[in-house]
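Participant: Below you will find the structure I want to go over with you.
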Number of protein chains: 2
Amino acid sequence: MSTTTSPMSRAMRELWGVREEGRRGPKPSMSVRTIAAAAVALADAEGLEAVTMAAVAKRLGFTTMSLYRYVESRQDLLDVMVDEAAGPPPSLGRRRSWRTKLEEWARADAAFLAAHPWVLHVRSGTPPVGPNLVGWMEVGFAALSDTGLSPQQIASSLLSIDGYVRSSVEMGLRYAADGATANWAEQLRSVISEDTMPTVAGILESGALEDGTDGMAEELAFGLGLLLDGIEQTIARRG
Amino acid sequence: MSTTTSPMSRAMRELWGVREEGRRGPKPSMSVRTIAAAAVALADAEGLEAVTMAAVAKRLGFTTMSLYRYVESRQDLLDVMVDEAAGPPPSLGRRRSWRTKLEEWARADAAFLAAHPWVLHVRSGTPPVGPNLVGWMEVGFAALSDTGLSPQQIASSLLSIDGYVRSSVEMGLRYAADGATANWAEQLRSVISEDTMPTVAGILESGALEDGTDGMAEELAFGLGLLLDGIEQTIARRG
DNA sequence: CCGCACTGTGTAGGCTGTAAAGAGTTCTTG
DNA sequence: CAAGAACTCTTTACAGCCTACACAGTGCGG
C-alpha cells in the first residue's frame, strides 16, 4: 500500500527519445546506446561478470566515472543493456492467426535469449520500461487482442509464454553446456546408491540428460504447444 | 568435448554424510548445515545481497575467514544454501495417480520458492548435487516411473514443470510486489502514447496487471494444468 | 560578456571475496 | 609418552568493485 513512486531513470528517458530542455554545456561524446552496445558486446564475449564499469569505460576509451553521466548506476546500465540486446520486436505480419503469431513471437524470444544468455541472469526489480521490451509486449499483446480474451487473460497468456521460454532456454543452456551433465553424473555416482535414489540413478545411467542442445529445441516446441493449446481452449470457451 | 571433470565440493560431501578418514586436529565448532541455516535466515530476512561472508560469519560469532574451512567459496555457500532452503522433498504417498503426485510436487516446489525467493536468483553453473534437491528429483521422477515414459521423457517432463513453476513464481513476485505495477504504469504513461503502443496502453489502463498475488496462484494452476494435460497425452500415445 | 549548466577526469573511500601465514589444539605414530 | 602431523580459527593483507565528491574545461542563455 505504501506506493513509493520512483521516476524513470534518465538513461531510459533518453532511450525513449525525450528531449531535455536547455542543454547548455559541451555536447555529450557518447550516448546511452553506444554505452549499452559496448556493454552488450562485453557480456556476449565474456559473460555478465565481466561487465564492470571500468571495463565498459575502457572499451570506449573513457574513464570509469564518465559513464555515470549517462547511467545512474550499474543496475541502470544492466536494464538498458537488456533493452539494447533485445532489439526491436519481431514483426508478426497481419494475415496469420494469433497462434502462428505467438509461436513466432516465442521463437524470436528464445533466439534473443539464446544469443544473449546473460540476460537471464539480470535481475531487475521492476517490470521492463525500455522501448524495445515494451515494443515486444506491444506486438505480443496485439497478437491476442482480437481473440475476445480479457486484458487480464491476454497479459497472463503472454507472460506465461515468456516465462516458459525463459526457463526452457535456461535449462537448455545449463544442461547442454559442454560436459555439464557428464560431470554431474560422475559427481552423483560417488554419493548416491541404487537403494536411496533408484530412479535418479536409473535416469542418470540411461544418459537421458546428456543429449545437448537438440533436446532443448524439441522441449521448447513441446511445452509451447501445450500452452498454446490451452490458450486456444480458453478462447473457444467464449474468452 | 573437453570434459573438465571437477570433483564435488567438500561442503557437498559433508551434506551427503561421507566420512573423512583420519581427522586429527581440533573438532570443528560449526557444520556446513549451521552455516547454511544462518545464511538462509539472512537471505530470507534481507535478501541475497546481504549474504556476504562477513555478515554470515558475524551472525555465527566467528571470523569471516573461518567459513572457508567449511565452504570453498561464496558460490559454494550459495549452492549449499539452496539445498538447505529446499529441505527434504515432499512425500507423495503411494496410492494416487502420477498426475496428483506431480501436481502436489509442483505445489510444494512453488511453496518452497515463494518462501525463499532469493533461490530464483542464485545462478549455479551446474545442475544440483545436494541431497535435498536430488531427493526432490527422485520423488518427481519416481512419480512418472510407472507411466511407460522413456527416461528422456520423464526427465523432460519434470524439468518442464519445474521450469514453469519457477518462472511463474518469479513473475508473480515481480508483478505482485507492493505497488510495482502501479509504479510501472505511471512510468510508462509518461513515455508511451495511444498511437505508438495502443495495446499496451489499453492493458495498462484496464488494470489487468495490478491484481496481486491471487492472480499468480491461478496462473500457476492454469499453466500447470496444460503441462499435465500434455504429459497425459504423451502417456496415452503409448509413452 | 558573464555566469551557469553541463561535460569528462582524478581522487578517494568503503565494501567485497579470498590468499597466505600464524597460533593453538588434538590425534596418530614412533 | 613424546613428537610431529593435521586440523581449526585468527590475523593480516590485497586487488577489485561501485560510486560520492571535488575539480577543470566547454558552450549556450541572458
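Naming works like this for the C-alpha cells: A, B, ... for the chains as they're shown, residue 1 at the start of each chain, ligands 1 onward in shown order.
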Specify as a PyMOL selection string all residues of chain D found within 12 Å of chain A, counting only C-alpha atoms (C1' of nucleotides).

Facilitator: chain D and resi 16-21+25-29

Participant: Generate a file of the selected residues that holds C-alpha atoms (C1' of nucleotides), formatted as an mmCIF file, in the first residue's frame.

Facilitator:
```cif
data_model
loop_
_atom_site.group_PDB
_atom_site.id
_atom_site.type_symbol
_atom_site.label_atom_id
_atom_site.label_comp_id
_atom_site.auth_asym_id
_atom_site.auth_seq_id
_atom_site.Cartn_x
_atom_site.Cartn_y
_atom_site.Cartn_z
ATOM 1 C "C1'" DG D 16 38.932 -5.257 -7.434
ATOM 2 C "C1'" DC D 17 34.368 -3.424 -7.196
ATOM 3 C "C1'" DC D 18 30.895 0.600 -7.173
ATOM 4 C "C1'" DT D 19 30.357 5.260 -6.570
ATOM 5 C "C1'" DA D 20 30.489 10.079 -3.856
ATOM 6 C "C1'" DC D 21 32.731 14.181 -4.466
ATOM 7 C "C1'" DG D 25 37.245 22.837 -19.008
ATOM 8 C "C1'" DT D 26 33.333 23.877 -22.510
ATOM 9 C "C1'" DG D 27 29.494 26.183 -24.722
ATOM 10 C "C1'" DC D 28 24.856 28.212 -24.618
ATOM 11 C "C1'" DG D 29 21.483 31.844 -22.497
#
```

Participant: Which residues of chain A are close to chain B, meaning at most 7 Å apart when you count only C-alpha atoms, and how do they look as a PyMOL selection string?

Facilitator: chain A and resi 1+3+5+7-8+16+125-127+129+137-138+141-142+151-152+163-164+167-168+174+178-180+183-184+187-188+191+197+199-200+203+206+208-209+223+226-227+230

Participant: Kindly provide, as a ChimeraX atom specification, the residues of chain C having any atom no farther than 12 Å from an atom of chain A, counting only C-alpha atoms (C1' of nucleotides).

Facilitator: /C:3-11

Participant: Go ahead and save the residues from that selection, with C-alpha atoms (C1' of nucleotides), as an mmCIF file, in the first residue's frame.

Facilitator:
```
data_model
loop_
_atom_site.group_PDB
_atom_site.id
_atom_site.type_symbol
_atom_site.label_atom_id
_atom_site.label_comp_id
_atom_site.auth_asym_id
_atom_site.auth_seq_id
_atom_site.Cartn_x
_atom_site.Cartn_y
_atom_site.Cartn_z
ATOM 1 C "C1'" DG C 3 27.787 33.041 -15.483
ATOM 2 C "C1'" DC C 4 25.630 28.816 -15.258
ATOM 3 C "C1'" DA C 5 24.715 24.194 -16.731
ATOM 4 C "C1'" DC C 6 26.929 20.622 -18.366
ATOM 5 C "C1'" DT C 7 30.985 17.548 -19.679
ATOM 6 C "C1'" DG C 8 34.759 14.299 -18.647
ATOM 7 C "C1'" DT C 9 38.626 13.488 -15.021
ATOM 8 C "C1'" DG C 10 41.052 12.389 -10.723
ATOM 9 C "C1'" DT C 11 40.982 11.088 -6.213
#
```

Participant: Over all Cα atoms paired in order, how far apart are chain A and chain B after a least-squares superposition, as an RMSD in Å?

Facilitator: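 Across all paired C-alpha atoms, the RMSD is 0.1 Å.
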
Participant: Determine, counting only C-alpha atoms (C1' of nucleotides), which protein, DNA and RNA residues have an atom within 12 Å of an atom of B:Ala50; residues of the same chain fewer than 4 positions away are not included. Present the result as an mmCIF file with C-alpha atoms (C1' of nucleotides), in the first residue's frame.

Facilitator:
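Result file follows (result15.cif):
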```
data_model
loop_
_atom_site.group_PDB
_atom_site.id
_atom_site.type_symbol
_atom_site.label_atom_id
_atom_site.label_comp_id
_atom_site.auth_asym_id
_atom_site.auth_seq_id
_atom_site.Cartn_x
_atom_site.Cartn_y
_atom_site.Cartn_z
ATOM 1 C CA ALA B 38 22.361 -18.885 9.188
ATOM 2 C CA ALA B 39 22.912 -17.759 5.628
ATOM 3 C CA VAL B 40 19.408 -18.810 4.638
ATOM 4 C CA ALA B 41 17.934 -16.865 7.536
ATOM 5 C CA LEU B 42 19.898 -13.851 6.415
ATOM 6 C CA ALA B 43 18.766 -14.176 2.834
ATOM 7 C CA ASP B 44 15.165 -14.623 3.893
ATOM 8 C CA ALA B 45 15.321 -11.526 6.020
ATOM 9 C CA GLU B 46 17.422 -9.139 3.975
ATOM 10 C CA ALA B 54 31.386 -11.289 6.718
ATOM 11 C CA ALA B 55 27.702 -10.982 7.545
ATOM 12 C CA VAL B 56 27.178 -14.720 7.801
ATOM 13 C CA ARG B 59 25.780 -13.867 12.725
ATOM 14 C CA TRP B 118 16.252 -15.411 -3.498
ATOM 15 C "C1'" DC C 15 32.978 -2.911 0.873
ATOM 16 C "C1'" DT C 16 33.758 -7.250 -1.358
#
```

Participant: Write out as a ChimeraX atom specification all residues of stretch 25-76 of chain B that DSSP puts in helix (DSSP H, G or I) for this structure's backbone.

Facilitator: /B:32-46,48-50,53-60,64-69,74-76

Participant: Mind dumping the selected residues with N, CA and C atoms as an mmCIF file, in the first residue's frame?

Facilitator:
```
data_model
loop_
_atom_site.group_PDB
_atom_site.id
_atom_site.type_symbol
_atom_site.label_atom_id
_atom_site.label_comp_id
_atom_site.auth_asym_id
_atom_site.auth_seq_id
_atom_site.Cartn_x
_atom_site.Cartn_y
_atom_site.Cartn_z
ATOM 1 N N VAL B 32 28.530 -27.418 8.111
ATOM 2 C CA VAL B 32 28.025 -26.791 6.898
ATOM 3 C C VAL B 32 26.548 -26.444 7.054
ATOM 4 N N ARG B 33 25.830 -27.313 7.696
ATOM 5 C CA ARG B 33 24.400 -27.081 7.885
ATOM 6 C C ARG B 33 24.117 -25.824 8.711
ATOM 7 N N THR B 34 24.836 -25.665 9.827
ATOM 8 C CA THR B 34 24.577 -24.475 10.653
ATOM 9 C C THR B 34 24.912 -23.202 9.876
ATOM 10 N N ILE B 35 26.018 -23.263 9.151
ATOM 11 C CA ILE B 35 26.377 -22.099 8.351
ATOM 12 C C ILE B 35 25.297 -21.818 7.316
ATOM 13 N N ALA B 36 24.876 -22.865 6.635
ATOM 14 C CA ALA B 36 23.852 -22.691 5.608
ATOM 15 C C ALA B 36 22.571 -22.145 6.215
ATOM 16 N N ALA B 37 22.210 -22.671 7.390
ATOM 17 C CA ALA B 37 20.978 -22.211 8.026
ATOM 18 C C ALA B 37 21.062 -20.724 8.350
ATOM 19 N N ALA B 38 22.195 -20.306 8.871
ATOM 20 C CA ALA B 38 22.361 -18.885 9.188
ATOM 21 C C ALA B 38 22.278 -18.042 7.924
ATOM 22 N N ALA B 39 22.917 -18.513 6.879
ATOM 23 C CA ALA B 39 22.912 -17.759 5.628
ATOM 24 C C ALA B 39 21.507 -17.697 5.040
ATOM 25 N N VAL B 40 20.779 -18.787 5.142
ATOM 26 C CA VAL B 40 19.408 -18.810 4.638
ATOM 27 C C VAL B 40 18.550 -17.808 5.409
ATOM 28 N N ALA B 41 18.707 -17.808 6.723
ATOM 29 C CA ALA B 41 17.934 -16.865 7.536
ATOM 30 C C ALA B 41 18.232 -15.430 7.106
ATOM 31 N N LEU B 42 19.494 -15.191 6.853
ATOM 32 C CA LEU B 42 19.898 -13.851 6.415
ATOM 33 C C LEU B 42 19.265 -13.501 5.074
ATOM 34 N N ALA B 43 19.334 -14.429 4.167
ATOM 35 C CA ALA B 43 18.766 -14.176 2.834
ATOM 36 C C ALA B 43 17.259 -13.982 2.916
ATOM 37 N N ASP B 44 16.606 -14.775 3.735
ATOM 38 C CA ASP B 44 15.165 -14.623 3.893
ATOM 39 C C ASP B 44 14.816 -13.237 4.427
ATOM 40 N N ALA B 45 15.648 -12.779 5.348
ATOM 41 C CA ALA B 45 15.321 -11.526 6.020
ATOM 42 C C ALA B 45 15.720 -10.306 5.202
ATOM 43 N N GLU B 46 16.895 -10.361 4.584
ATOM 44 C CA GLU B 46 17.422 -9.139 3.975
ATOM 45 C C GLU B 46 17.805 -9.296 2.515
ATOM 46 N N LEU B 48 19.348 -11.613 -0.951
ATOM 47 C CA LEU B 48 20.562 -12.335 -1.323
ATOM 48 C C LEU B 48 21.814 -11.473 -1.235
ATOM 49 N N GLU B 49 21.661 -10.204 -1.516
ATOM 50 C CA GLU B 49 22.840 -9.328 -1.500
ATOM 51 C C GLU B 49 23.396 -9.163 -0.099
ATOM 52 N N ALA B 50 22.551 -9.348 0.885
ATOM 53 C CA ALA B 50 23.007 -9.199 2.264
ATOM 54 C C ALA B 50 23.858 -10.388 2.702
ATOM 55 N N MET B 53 30.137 -13.002 3.131
ATOM 56 C CA MET B 53 30.854 -13.897 4.029
ATOM 57 C C MET B 53 30.971 -13.269 5.411
ATOM 58 N N ALA B 54 31.235 -11.978 5.440
ATOM 59 C CA ALA B 54 31.386 -11.289 6.718
ATOM 60 C C ALA B 54 30.084 -11.311 7.507
ATOM 61 N N ALA B 55 28.987 -11.047 6.847
ATOM 62 C CA ALA B 55 27.702 -10.982 7.545
ATOM 63 C C ALA B 55 27.324 -12.347 8.119
ATOM 64 N N VAL B 56 27.514 -13.378 7.322
ATOM 65 C CA VAL B 56 27.178 -14.720 7.801
ATOM 66 C C VAL B 56 28.044 -15.079 8.999
ATOM 67 N N ALA B 57 29.331 -14.803 8.885
ATOM 68 C CA ALA B 57 30.241 -15.133 9.978
ATOM 69 C C ALA B 57 29.861 -14.374 11.255
ATOM 70 N N LYS B 58 29.559 -13.120 11.085
ATOM 71 C CA LYS B 58 29.199 -12.302 12.239
ATOM 72 C C LYS B 58 27.987 -12.890 12.955
ATOM 73 N N ARG B 59 26.995 -13.292 12.161
ATOM 74 C CA ARG B 59 25.780 -13.867 12.725
ATOM 75 C C ARG B 59 26.079 -15.125 13.541
ATOM 76 N N LEU B 60 27.164 -15.782 13.207
ATOM 77 C CA LEU B 60 27.513 -17.008 13.919
ATOM 78 C C LEU B 60 28.551 -16.762 15.008
ATOM 79 N N THR B 64 35.297 -13.951 9.513
ATOM 80 C CA THR B 64 34.945 -14.197 8.126
ATOM 81 C C THR B 64 35.660 -15.420 7.570
ATOM 82 N N MET B 65 36.951 -15.447 7.789
ATOM 83 C CA MET B 65 37.751 -16.488 7.150
ATOM 84 C C MET B 65 37.468 -17.889 7.666
ATOM 85 N N SER B 66 36.898 -17.954 8.855
ATOM 86 C CA SER B 66 36.633 -19.284 9.405
ATOM 87 C C SER B 66 35.652 -20.052 8.531
ATOM 88 N N LEU B 67 34.796 -19.334 7.837
ATOM 89 C CA LEU B 67 33.821 -20.009 6.982
ATOM 90 C C LEU B 67 34.502 -20.832 5.897
ATOM 91 N N TYR B 68 35.671 -20.375 5.488
ATOM 92 C CA TYR B 68 36.332 -21.058 4.376
ATOM 93 C C TYR B 68 36.878 -22.425 4.772
ATOM 94 N N ARG B 69 36.788 -22.748 6.063
ATOM 95 C CA ARG B 69 37.114 -24.123 6.471
ATOM 96 C C ARG B 69 35.985 -25.078 6.116
ATOM 97 N N ARG B 74 32.172 -18.433 -1.967
ATOM 98 C CA ARG B 74 30.817 -17.921 -1.789
ATOM 99 C C ARG B 74 29.839 -18.692 -2.667
ATOM 100 N N GLN B 75 30.251 -18.980 -3.875
ATOM 101 C CA GLN B 75 29.377 -19.728 -4.766
ATOM 102 C C GLN B 75 29.015 -21.085 -4.156
ATOM 103 N N ASP B 76 30.001 -21.707 -3.574
ATOM 104 C CA ASP B 76 29.766 -22.992 -2.913
ATOM 105 C C ASP B 76 28.725 -22.818 -1.808
#
```

Participant: How many Å separate atom CA of B:Ala114 from atom CA of A:Ala114?

Facilitator: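 Between atom CA of B:Ala114 and atom CA of A:Ala114 the gap is 27.0 Å.
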
Participant: Expressed in Å to a single decimal, how great is the separation between atom CA of A:Ala236 and atom CA of B:Arg107?

Facilitator: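 If I compute the distance from atom CA of A:Ala236 to atom CA of B:Arg107, I get 27.8 Å.
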
Participant: What's the separation between atom CA of B:Asp83 and atom CA of B:Leu133, in Å to one decimal place?

Facilitator: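 Interatomic distance here is 5.9 Å.
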